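Undergrad: Here you go, model-v1.cif (mmCIF, C-alpha atoms):
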```cif
data_start
loop_
_atom_site.label_atom_id
_atom_site.label_comp_id
_atom_site.auth_asym_id
_atom_site.auth_seq_id
_atom_site.Cartn_x
_atom_site.Cartn_y
_atom_site.Cartn_z
CA MET A 1 -21.27 8.34 19.44
CA SER A 2 -17.59 8.44 20.18
CA LYS A 3 -15.56 7.05 17.29
CA LEU A 4 -12.27 5.21 17.35
CA ARG A 5 -10.16 6.95 14.72
CA PHE A 6 -6.98 5.25 13.61
CA ARG A 7 -4.31 7.10 11.66
CA ILE A 8 -0.88 6.02 10.62
CA SER A 9 1.82 6.68 8.05
CA ILE A 10 2.58 3.68 5.86
CA SER A 11 5.02 3.01 3.04
CA LEU A 12 4.05 1.76 -0.41
CA ASP A 13 5.31 -1.65 0.60
CA GLY A 14 3.11 -1.70 3.68
CA PHE A 15 5.50 -0.91 6.51
CA VAL A 16 4.79 1.43 9.42
CA ALA A 17 8.35 1.17 10.77
CA GLY A 18 11.62 0.28 9.10
CA PRO A 19 13.78 -2.75 9.85
CA HIS A 20 16.00 -3.12 12.95
CA GLN A 21 13.97 -1.05 15.41
CA SER A 22 15.92 -0.26 18.56
CA LEU A 23 16.01 2.18 21.44
CA GLN A 24 18.43 4.24 19.37
CA GLU A 25 16.30 4.02 16.23
CA PRO A 26 12.71 3.55 17.39
CA LEU A 27 11.27 3.89 13.86
CA GLY A 28 13.78 1.44 12.40
CA VAL A 29 16.19 2.11 9.55
CA GLY A 30 14.67 4.66 7.20
CA GLY A 31 11.48 4.85 9.23
CA GLU A 32 11.72 8.61 9.64
CA LYS A 33 10.96 8.89 5.91
CA LEU A 34 7.40 7.82 6.73
CA HIS A 35 6.91 11.07 8.56
CA GLU A 36 8.68 13.53 6.28
CA TRP A 37 5.33 14.69 4.88
CA VAL A 38 4.19 15.82 8.33
CA VAL A 39 7.31 17.17 10.02
CA GLN A 40 7.76 19.68 7.21
CA LEU A 41 4.30 21.14 7.79
CA GLU A 42 4.00 24.46 9.54
CA ALA A 43 0.90 23.01 11.22
CA TRP A 44 3.06 20.30 12.81
CA ARG A 45 6.10 22.42 13.58
CA ARG A 46 4.31 25.22 15.43
CA PRO A 47 2.77 23.05 18.20
CA HIS A 48 6.15 21.34 18.54
CA GLY A 49 7.84 24.69 19.14
CA LEU A 50 9.60 24.80 15.76
CA ASP A 51 9.74 27.67 13.30
CA GLY A 52 9.09 27.54 9.60
CA GLY A 53 7.45 24.85 7.57
CA VAL A 54 5.12 24.64 4.62
CA VAL A 55 1.39 24.76 4.04
CA ASN A 56 0.08 22.31 1.46
CA GLU A 57 -2.70 19.78 0.80
CA SER A 58 -1.61 17.78 3.85
CA THR A 59 -2.26 20.67 6.23
CA ALA A 60 -6.04 20.32 6.33
CA VAL A 61 -5.76 16.55 6.63
CA MET A 62 -3.52 16.88 9.65
CA GLU A 63 -5.70 19.54 11.25
CA ASP A 64 -8.84 17.47 10.70
CA GLU A 65 -7.25 14.60 12.56
CA LEU A 66 -7.07 16.62 15.75
CA VAL A 67 -10.69 17.80 15.69
CA ASN A 68 -12.91 16.30 18.41
CA ILE A 69 -10.20 13.99 19.76
CA GLY A 70 -10.40 13.65 23.54
CA ALA A 71 -7.96 10.81 24.21
CA THR A 72 -5.34 8.67 22.50
CA ILE A 73 -4.57 4.94 22.62
CA MET A 74 -1.14 3.58 21.74
CA GLY A 75 0.89 0.41 22.08
CA ARG A 76 3.68 0.05 24.55
CA ASN A 77 6.42 0.35 21.96
CA MET A 78 5.02 3.62 20.77
CA PHE A 79 4.96 4.91 24.32
CA GLY A 80 8.54 4.12 24.93
CA GLY A 81 9.90 0.75 24.04
CA GLY A 82 11.83 0.84 27.29
CA PRO A 83 13.02 -2.31 28.98
CA GLY A 84 10.27 -2.44 31.65
CA PRO A 85 8.81 -3.44 33.98
CA TRP A 86 9.17 0.06 35.26
CA ASP A 87 9.70 0.94 38.88
CA ASP A 88 11.38 3.61 40.92
CA SER A 89 14.77 2.30 39.91
CA ASN A 90 13.80 2.33 36.23
CA PRO A 91 11.75 5.46 35.74
CA TRP A 92 11.53 5.38 31.96
CA ASN A 93 8.95 7.89 30.81
CA GLY A 94 8.82 7.10 27.13
CA TRP A 95 9.94 8.88 24.00
CA TRP A 96 7.77 11.89 24.53
CA GLY A 97 9.69 14.08 26.94
CA ARG A 98 8.30 16.13 29.82
CA ASN A 99 5.75 17.97 27.71
CA PRO A 100 4.23 15.53 25.20
CA PRO A 101 2.24 16.92 22.27
CA PHE A 102 -1.02 15.13 23.08
CA ARG A 103 -2.37 17.44 25.83
CA HIS A 104 -5.06 14.92 26.73
CA PRO A 105 -5.24 11.46 28.38
CA VAL A 106 -3.22 8.76 26.65
CA PHE A 107 -3.86 5.05 27.28
CA VAL A 108 -0.95 2.70 26.75
CA LEU A 109 -1.59 -1.01 26.05
CA THR A 110 0.93 -3.03 28.03
CA HIS A 111 1.42 -6.19 30.04
CA HIS A 112 3.22 -4.26 32.78
CA ALA A 113 1.03 -2.57 35.38
CA ARG A 114 2.26 0.86 36.35
CA GLU A 115 0.93 3.95 38.09
CA PRO A 116 -0.32 6.69 35.73
CA LEU A 117 2.10 9.45 34.74
CA MET A 118 0.98 13.05 34.79
CA MET A 119 3.04 15.10 32.36
CA GLU A 120 3.23 18.82 31.65
CA GLY A 121 0.73 20.44 29.31
CA GLY A 122 -2.27 18.23 30.06
CA THR A 123 -0.96 14.89 28.87
CA SER A 124 -1.32 11.85 31.12
CA PHE A 125 -0.24 8.28 30.44
CA THR A 126 -2.43 5.51 31.86
CA PHE A 127 -1.19 1.95 31.52
CA VAL A 128 -3.88 -0.58 30.63
CA THR A 129 -3.20 -4.26 31.23
CA ASP A 130 -6.65 -5.74 30.68
CA GLY A 131 -6.97 -5.47 26.94
CA ILE A 132 -8.04 -3.34 24.03
CA GLU A 133 -11.72 -3.04 24.91
CA SER A 134 -10.90 -1.82 28.38
CA ALA A 135 -8.51 0.77 26.96
CA LEU A 136 -11.17 1.96 24.54
CA ASP A 137 -13.78 2.22 27.29
CA GLN A 138 -11.40 4.16 29.52
CA ALA A 139 -10.36 6.47 26.68
CA ARG A 140 -13.97 7.22 25.77
CA ARG A 141 -14.88 8.02 29.36
CA ALA A 142 -11.75 10.09 30.02
CA GLY A 143 -12.01 12.24 26.92
CA GLY A 144 -15.74 12.41 26.32
CA LYS A 145 -15.01 12.74 22.59
CA ASP A 146 -13.59 10.62 19.79
CA VAL A 147 -10.53 8.48 20.52
CA ALA A 148 -7.36 8.49 18.40
CA LEU A 149 -5.60 5.19 17.83
CA ALA A 150 -2.02 6.22 17.19
CA GLY A 151 -0.37 2.83 16.55
CA GLY A 152 1.95 1.03 16.38
CA ALA A 153 1.27 -1.94 14.21
CA ASN A 154 0.51 -4.45 16.94
CA ALA A 155 -2.05 -2.25 18.69
CA ALA A 156 -3.62 -1.38 15.35
CA GLN A 157 -3.86 -5.02 14.33
CA GLN A 158 -5.70 -5.89 17.51
CA TYR A 159 -8.31 -3.18 17.00
CA LEU A 160 -8.65 -3.85 13.27
CA LYS A 161 -9.13 -7.58 13.80
CA ALA A 162 -11.78 -6.91 16.42
CA GLY A 163 -13.66 -4.63 14.02
CA LEU A 164 -13.52 -1.78 16.53
CA VAL A 165 -12.04 0.88 14.23
CA ASP A 166 -14.64 3.41 13.04
CA GLU A 167 -12.32 5.47 10.86
CA MET A 168 -8.93 4.76 9.35
CA GLN A 169 -6.69 7.39 7.82
CA LEU A 170 -3.71 5.98 5.95
CA HIS A 171 -0.96 8.44 5.09
CA LEU A 172 0.58 6.54 2.21
CA ALA A 173 4.13 7.84 1.86
CA SER A 174 5.59 7.46 -1.63
CA ILE A 175 8.57 5.44 -0.46
CA LEU A 176 9.67 1.86 -0.04
CA LEU A 177 11.26 0.67 3.19
CA GLY A 178 12.13 -2.85 2.06
CA GLY A 179 11.53 -4.34 5.49
CA GLY A 180 10.27 -3.59 8.97
CA GLU A 181 6.92 -3.79 10.68
CA ARG A 182 3.90 -4.43 8.47
CA LEU A 183 0.64 -2.73 9.34
CA PHE A 184 -1.71 -5.41 8.10
CA ASP A 185 0.06 -8.60 9.17
CA GLY A 186 -2.62 -11.02 10.29
CA VAL A 187 -5.43 -8.69 9.26
CA ASP A 188 -7.41 -10.03 6.32
CA THR A 189 -10.54 -7.93 6.31
CA LEU A 190 -11.44 -4.27 6.64
CA HIS A 191 -14.76 -5.34 8.19
CA SER A 192 -17.15 -2.58 7.16
CA LEU A 193 -14.56 0.10 6.43
CA ALA A 194 -14.73 1.61 2.93
CA LEU A 195 -12.70 4.29 1.20
CA VAL A 196 -14.50 7.61 1.55
CA LYS A 197 -11.91 10.29 0.74
CA THR A 198 -8.60 10.56 -1.09
CA VAL A 199 -6.33 13.60 -0.84
CA ALA A 200 -3.27 13.95 -3.07
CA ALA A 201 -0.39 15.84 -1.48
CA PRO A 202 3.36 16.18 -2.05
CA ASN A 203 5.00 12.75 -1.54
CA VAL A 204 1.99 11.35 0.28
CA THR A 205 -1.58 10.25 -0.48
CA HIS A 206 -4.13 10.43 2.31
CA LEU A 207 -6.73 7.65 2.19
CA LYS A 208 -9.65 7.92 4.57
CA PHE A 209 -11.85 4.94 5.34
CA ALA A 210 -15.09 5.00 7.32
CA ARG A 211 -17.86 2.59 8.21
CA LYS A 212 -20.20 1.91 5.30
CA MET B 1 12.40 7.70 -26.22
CA SER B 2 10.39 4.56 -25.68
CA LYS B 3 9.31 4.21 -22.04
CA LEU B 4 8.78 1.09 -19.99
CA ARG B 5 5.41 1.63 -18.34
CA PHE B 6 4.45 -0.72 -15.52
CA ARG B 7 0.90 -0.96 -14.27
CA ILE B 8 -0.64 -3.31 -11.78
CA SER B 9 -3.52 -3.64 -9.34
CA ILE B 10 -2.43 -4.01 -5.74
CA SER B 11 -4.26 -4.45 -2.45
CA LEU B 12 -3.84 -2.18 0.58
CA ASP B 13 -1.72 -4.89 2.15
CA GLY B 14 0.59 -5.02 -0.85
CA PHE B 15 -0.52 -8.13 -2.70
CA VAL B 16 -0.93 -8.45 -6.47
CA ALA B 17 -2.39 -11.95 -6.22
CA GLY B 18 -4.17 -13.76 -3.43
CA PRO B 19 -2.94 -16.85 -1.58
CA HIS B 20 -2.99 -20.38 -3.02
CA GLN B 21 -2.56 -19.55 -6.71
CA SER B 22 -3.29 -22.53 -8.93
CA LEU B 23 -4.25 -23.37 -12.48
CA GLN B 24 -7.85 -23.31 -11.32
CA GLU B 25 -7.43 -20.02 -9.47
CA PRO B 26 -4.62 -18.14 -11.22
CA LEU B 27 -5.17 -14.95 -9.19
CA GLY B 28 -5.27 -16.84 -5.89
CA VAL B 29 -8.07 -16.79 -3.35
CA GLY B 30 -9.84 -13.44 -3.50
CA GLY B 31 -7.46 -12.14 -6.16
CA GLU B 32 -10.28 -11.26 -8.53
CA LYS B 33 -11.21 -8.47 -6.10
CA LEU B 34 -8.07 -6.65 -7.24
CA HIS B 35 -9.63 -6.19 -10.64
CA GLU B 36 -13.23 -5.36 -9.75
CA TRP B 37 -12.57 -1.69 -10.40
CA VAL B 38 -11.65 -2.39 -14.02
CA VAL B 39 -13.96 -5.21 -15.09
CA GLN B 40 -16.97 -3.09 -14.24
CA LEU B 41 -15.85 -0.32 -16.60
CA GLU B 42 -17.59 0.07 -19.93
CA ALA B 43 -14.15 0.92 -21.33
CA TRP B 44 -12.90 -2.53 -20.33
CA ARG B 45 -16.03 -4.52 -21.18
CA ARG B 46 -16.48 -3.26 -24.73
CA PRO B 47 -13.08 -4.43 -26.08
CA HIS B 48 -13.66 -7.73 -24.30
CA GLY B 49 -16.97 -8.17 -26.14
CA LEU B 50 -19.15 -7.54 -23.09
CA ASP B 51 -22.15 -5.24 -22.82
CA GLY B 52 -22.88 -2.70 -20.13
CA GLY B 53 -20.53 -1.27 -17.59
CA VAL B 54 -19.96 2.08 -15.94
CA VAL B 55 -18.03 5.24 -16.74
CA ASN B 56 -16.25 6.83 -13.79
CA GLU B 57 -12.93 8.40 -12.74
CA SER B 58 -11.12 5.17 -13.56
CA THR B 59 -12.15 5.30 -17.22
CA ALA B 60 -9.63 7.93 -18.29
CA VAL B 61 -6.89 6.25 -16.28
CA MET B 62 -7.50 2.98 -18.06
CA GLU B 63 -7.69 4.61 -21.48
CA ASP B 64 -4.47 6.56 -20.87
CA GLU B 65 -2.69 3.32 -20.14
CA LEU B 66 -3.29 2.07 -23.66
CA VAL B 67 -2.07 5.21 -25.43
CA ASN B 68 1.21 4.80 -27.33
CA ILE B 69 1.77 1.21 -26.19
CA GLY B 70 3.34 -0.90 -28.94
CA ALA B 71 4.25 -4.07 -27.07
CA THR B 72 3.77 -5.81 -23.72
CA ILE B 73 6.12 -7.72 -21.44
CA MET B 74 4.85 -10.25 -18.91
CA GLY B 75 6.14 -13.05 -16.73
CA ARG B 76 5.54 -16.68 -17.53
CA ASN B 77 2.89 -17.15 -14.84
CA MET B 78 0.92 -14.28 -16.27
CA PHE B 79 1.11 -15.80 -19.72
CA GLY B 80 -0.19 -19.11 -18.61
CA GLY B 81 1.18 -20.77 -15.55
CA GLY B 82 1.02 -24.04 -17.48
CA PRO B 83 3.18 -26.99 -16.56
CA GLY B 84 5.79 -26.48 -19.33
CA PRO B 85 8.14 -27.05 -20.99
CA TRP B 86 5.72 -26.85 -23.87
CA ASP B 87 5.91 -29.02 -26.95
CA ASP B 88 3.55 -30.53 -29.46
CA SER B 89 2.22 -32.92 -26.87
CA ASN B 90 1.60 -30.08 -24.44
CA PRO B 91 0.35 -27.19 -26.51
CA TRP B 92 -0.67 -24.90 -23.70
CA ASN B 93 -1.38 -21.44 -25.06
CA GLY B 94 -1.90 -19.53 -21.87
CA TRP B 95 -4.88 -17.98 -20.16
CA TRP B 96 -5.68 -15.63 -22.95
CA GLY B 97 -7.71 -17.66 -25.44
CA ARG B 98 -7.50 -17.54 -29.22
CA ASN B 99 -8.01 -13.81 -29.48
CA PRO B 100 -6.11 -12.09 -26.67
CA PRO B 101 -6.90 -8.47 -25.85
CA PHE B 102 -3.39 -7.11 -26.48
CA ARG B 103 -3.46 -6.86 -30.29
CA HIS B 104 0.27 -6.26 -30.39
CA PRO B 105 3.48 -8.24 -29.74
CA VAL B 106 3.76 -9.70 -26.24
CA PHE B 107 7.11 -10.86 -24.83
CA VAL B 108 6.98 -13.56 -22.16
CA LEU B 109 9.90 -13.95 -19.73
CA THR B 110 10.57 -17.64 -19.28
CA HIS B 111 13.28 -20.25 -18.85
CA HIS B 112 11.67 -22.50 -21.47
CA ALA B 113 12.49 -21.76 -25.10
CA ARG B 114 9.52 -22.04 -27.40
CA GLU B 115 8.53 -20.95 -30.89
CA PRO B 116 6.47 -17.74 -31.04
CA LEU B 117 2.69 -18.03 -31.09
CA MET B 118 0.67 -15.96 -33.53
CA MET B 119 -2.83 -15.43 -32.21
CA GLU B 120 -5.94 -13.88 -33.74
CA GLY B 121 -6.44 -10.12 -33.68
CA GLY B 122 -2.80 -9.08 -33.93
CA THR B 123 -1.43 -10.54 -30.70
CA SER B 124 1.76 -12.60 -30.81
CA PHE B 125 3.57 -14.24 -27.90
CA THR B 126 7.37 -14.38 -28.12
CA PHE B 127 9.20 -16.34 -25.43
CA VAL B 128 12.39 -14.70 -24.16
CA THR B 129 14.92 -16.82 -22.30
CA ASP B 130 17.87 -14.43 -22.13
CA GLY B 131 16.66 -11.99 -19.53
CA ILE B 132 14.79 -8.80 -18.88
CA GLU B 133 17.00 -6.44 -20.88
CA SER B 134 16.71 -8.61 -23.96
CA ALA B 135 12.94 -8.71 -23.59
CA LEU B 136 12.84 -4.93 -23.26
CA ASP B 137 15.04 -4.46 -26.35
CA GLN B 138 12.90 -6.82 -28.37
CA ALA B 139 9.66 -5.20 -27.21
CA ARG B 140 10.94 -1.72 -28.09
CA ARG B 141 12.01 -2.81 -31.56
CA ALA B 142 8.86 -4.79 -32.24
CA GLY B 143 6.42 -2.11 -31.19
CA GLY B 144 8.28 1.07 -32.01
CA LYS B 145 6.43 2.78 -29.14
CA ASP B 146 6.28 2.56 -25.35
CA VAL B 147 6.32 -0.87 -23.74
CA ALA B 148 3.78 -2.03 -21.13
CA LEU B 149 5.04 -4.16 -18.27
CA ALA B 150 1.96 -6.11 -17.23
CA GLY B 151 3.32 -8.17 -14.31
CA GLY B 152 3.25 -10.43 -12.43
CA ALA B 153 5.17 -9.70 -9.29
CA ASN B 154 8.36 -11.55 -10.17
CA ALA B 155 8.77 -9.88 -13.56
CA ALA B 156 7.98 -6.50 -12.03
CA GLN B 157 10.51 -7.01 -9.24
CA GLN B 158 13.26 -7.74 -11.75
CA TYR B 159 12.60 -4.56 -13.71
CA LEU B 160 12.12 -2.42 -10.61
CA LYS B 161 15.34 -3.67 -9.03
CA ALA B 162 17.22 -2.94 -12.25
CA GLY B 163 15.85 0.62 -12.30
CA LEU B 164 14.45 0.07 -15.80
CA VAL B 165 10.89 1.20 -15.09
CA ASP B 166 10.15 4.70 -16.45
CA GLU B 167 6.57 4.92 -15.24
CA MET B 168 4.63 2.99 -12.62
CA GLN B 169 0.86 3.10 -12.26
CA LEU B 170 -0.43 1.44 -9.10
CA HIS B 171 -4.14 0.74 -8.98
CA LEU B 172 -4.55 0.57 -5.23
CA ALA B 173 -7.70 -1.44 -4.59
CA SER B 174 -9.38 -0.68 -1.25
CA ILE B 175 -9.24 -4.26 -0.08
CA LEU B 176 -7.10 -6.56 2.00
CA LEU B 177 -6.12 -10.00 0.73
CA GLY B 178 -4.35 -11.21 3.87
CA GLY B 179 -1.82 -13.23 1.92
CA GLY B 180 -0.52 -14.03 -1.54
CA GLU B 181 2.11 -12.56 -3.79
CA ARG B 182 3.67 -9.27 -2.69
CA LEU B 183 4.59 -6.74 -5.35
CA PHE B 184 7.58 -5.20 -3.61
CA ASP B 185 9.26 -8.25 -2.05
CA GLY B 186 12.98 -7.73 -2.37
CA VAL B 187 12.57 -4.22 -3.81
CA ASP B 188 13.79 -1.55 -1.43
CA THR B 189 14.07 1.53 -3.59
CA LEU B 190 11.98 3.29 -6.22
CA HIS B 191 15.21 4.51 -7.84
CA SER B 192 14.23 7.84 -9.39
CA LEU B 193 10.48 7.25 -9.53
CA ALA B 194 8.34 9.87 -7.79
CA LEU B 195 4.60 10.27 -7.35
CA VAL B 196 3.28 12.58 -10.07
CA LYS B 197 -0.48 12.02 -10.17
CA THR B 198 -3.21 10.68 -7.90
CA VAL B 199 -6.72 9.90 -9.09
CA ALA B 200 -9.48 9.01 -6.64
CA ALA B 201 -12.08 6.63 -8.03
CA PRO B 202 -14.70 4.25 -6.60
CA ASN B 203 -12.97 1.55 -4.53
CA VAL B 204 -9.55 2.27 -6.06
CA THR B 205 -6.88 4.98 -5.98
CA HIS B 206 -4.65 5.38 -9.01
CA LEU B 207 -1.09 6.40 -8.13
CA LYS B 208 1.17 7.35 -11.02
CA PHE B 209 4.93 7.51 -10.60
CA ALA B 210 7.41 8.82 -13.16
CA ARG B 211 11.11 9.55 -13.35
CA LYS B 212 12.06 12.70 -11.49
#
```
Could you take the file, read its structure, and then write that structure out as structure tokens?

TA:
Amino acid sequence: MSKLRFRISISLDGFVAGPHQSLQEPLGVGGEKLHEWVVQLEAWRRPHGLDGGVVNESTAVMEDELVNIGATIMGRNMFGGGPGPWDDSNPWNGWWGRNPPFRHPVFVLTHHAREPLMMEGGTSFTFVTDGIESALDQARRAGGKDVALAGGANAAQQYLKAGLVDEMQLHLASILLGGGERLFDGVDTLHSLALVKTVAAPNVTHLKFARK
Amino acid sequence: MSKLRFRISISLDGFVAGPHQSLQEPLGVGGEKLHEWVVQLEAWRRPHGLDGGVVNESTAVMEDELVNIGATIMGRNMFGGGPGPWDDSNPWNGWWGRNPPFRHPVFVLTHHAREPLMMEGGTSFTFVTDGIESALDQARRAGGKDVALAGGANAAQQYLKAGLVDEMQLHLASILLGGGERLFDGVDTLHSLALVKTVAAPNVTHLKFARK
């Protein structure tokens, strides 16, 4: 059975992006600190074409996340946050550049219909306007494997509230952001998700939840 | 050097009490779930006069918390949440009963001056109206050892914002509360606190922070 696997970096005070998000600062003020644990990893830097980096307790966690993933779902802001609706005069292709790191089909939740984008390296972006269940169905069929739910908060909240998340990996960064976008706003139950694995790593704690 | 050691149970969504706190429900709706990890421990039940209980990874964490503590600081709501100001016609003595579990001097941050209360078993309650630094000074002198900061959120926020916390132990319960009192409201930096130890235990993750 194909699982929907959600993973996200979150601060101690519950934010998945800092305050004052903008096109210039898509993660908000201080939001890049959420991802310091991963961008320093050799296992992250290599596939992004960067030299150097460290190997530590986070390495295996990050590598495990990629295993058996055939497609990704994300919210519109995570795709690009551009002004939309997009058309030939406004050909915004998101934050991810010409060769995004996914290398599989990505489904973007949006209210703006748009033709799919085929990128270099095997990544495609398909824009889904008929809701989260449709996106999940399409992602399962396209990838034939598990589906990654990449965020952001709004997309995650919709799937969590619907009880559709089979696995949740929180990368709890040991920082405070003091404001921004809260992961769990409006979500008051984990449904049947329970903590199954905890990994301590430098400046981050990885908490894995799965269906009981 | 006497340390100020803060410890508190917190939900995944950042709450240290549930919504709708009242005299009848001092922890708010669902707030008792924050403490399920501890009240099931044999190490907690025995000193509270209760039989049974389990021994697990949380046991040592809880026992470590009590080592070298000579006094406790808490906010007024944690002491009692009573209507106050107290006088002979309103002799509210808090939630803790005649024989509170502290067995050492407790300093209560409040705006209402009141004579100290001497309880059974070695616990006293002293009411401090001149601020957090005064309470910390008094607690250090009274106990001669480290000082426990027990909460609630408002007292913790004052000490965290002032950078006076030397050690912070978060008991991260694997639950959502969906509302209530947030620990880190108004706190946007950990000052020099860094994660030093993570302990995985059933339904809770213990995160210990100390000065770098």

Undergrad: Tell me which residues the PyMOL selection byres ((chain A and resi 198-210) around 7) grabs here, as a PyMOL selection string.

TA: (chain A and resi 37+57-58+166-174+193-197+211-212) or (chain B and resi 195+198+200)

Undergrad: Taking all atoms listed in the file into account, produce a table as a tab-separated table in which each residue of chain B with an atom at most 6 Å from an atom of chain A appears once, together with its shortest atom pair and the distance in Å to one decimal, ordered by chain and rising number.

TA:
```
residue	atom	partner	partner_atom	distance
B:Asp13	CA	A:Phe184	CA	6.0
B:Gly14	CA	A:Asp13	CA	6.0
B:Leu176	CA	A:Asp188	CA	5.5
B:Leu177	CA	A:Asp188	CA	5.7
B:Gly178	CA	A:Asp188	CA	4.1
B:Phe184	CA	A:Asp13	CA	6.0
B:Asp188	CA	A:Gly178	CA	4.1
B:Thr189	CA	A:Leu176	CA	5.7
B:Thr198	CA	A:Ala200	CA	5.8
B:Ala200	CA	A:Thr198	CA	5.8
```

Undergrad: Edge lengths and centre, in Å to one decimal, as JSON: that's what I need for the box along x, y and z that holds all listed atoms of stretch 33-51 of chain B plus 8 Å on each side.

TA:
```
{"center_x": -15.1, "center_y": -3.8, "center_z": -16.1, "size_x": 30.1, "size_y": 25.4, "size_z": 36.0}
```

Undergrad: Counting all atoms listed in the file, which residue out of A:Ala142, A:Ile8, A:Ala148, A:Val108 sits closest to A:Asp130?

TA: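 Looking at the shortest contact to A:Asp130, the residue is A:Val108.
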
Undergrad: Nearest to B:Ala155 among B:Glu133, B:Leu41, B:Gly94, B:Arg141, with distances taken over all atoms listed in the file: which residue is it?

TA: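 Ranking B:Glu133, B:Leu41, B:Gly94, B:Arg141 by distance to B:Ala155, first place goes to B:Glu133.
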
Undergrad: Could you please give me, as a PDB file with C-alpha atoms, in the frame of the given file, the residues of protein, DNA or RNA lying at most 7 Å from (-10.3, -12.1, -1.1) in the coordinate frame of the file, considering only C-alpha atoms?

TA:
```pdb
ATOM      1  CA  GLY B  18      -4.170 -13.760  -3.430  1.00  0.00           C
ATOM      2  CA  VAL B  29      -8.070 -16.790  -3.350  1.00  0.00           C
ATOM      3  CA  GLY B  30      -9.840 -13.440  -3.500  1.00  0.00           C
ATOM      4  CA  GLY B  31      -7.460 -12.140  -6.160  1.00  0.00           C
ATOM      5  CA  LYS B  33     -11.210  -8.470  -6.100  1.00  0.00           C
ATOM      6  CA  LEU B 177      -6.120 -10.000   0.730  1.00  0.00           C
TER       7      LEU B 177
END
```

Undergrad: In Å to one decimal, how far is atom CA of B:Phe6 from atom CA of B:Ala139?

TA: 13.6 Å

Undergrad: Mind listing whatever residues come within 9 Å of the point (4.2, -12.6, -9.4)? Use all atoms listed in the file, file coordinates, and give them as a VMD selection string.

TA: chain B and resid 16 to 17 75 77 to 78 151 to 157 181 to 183
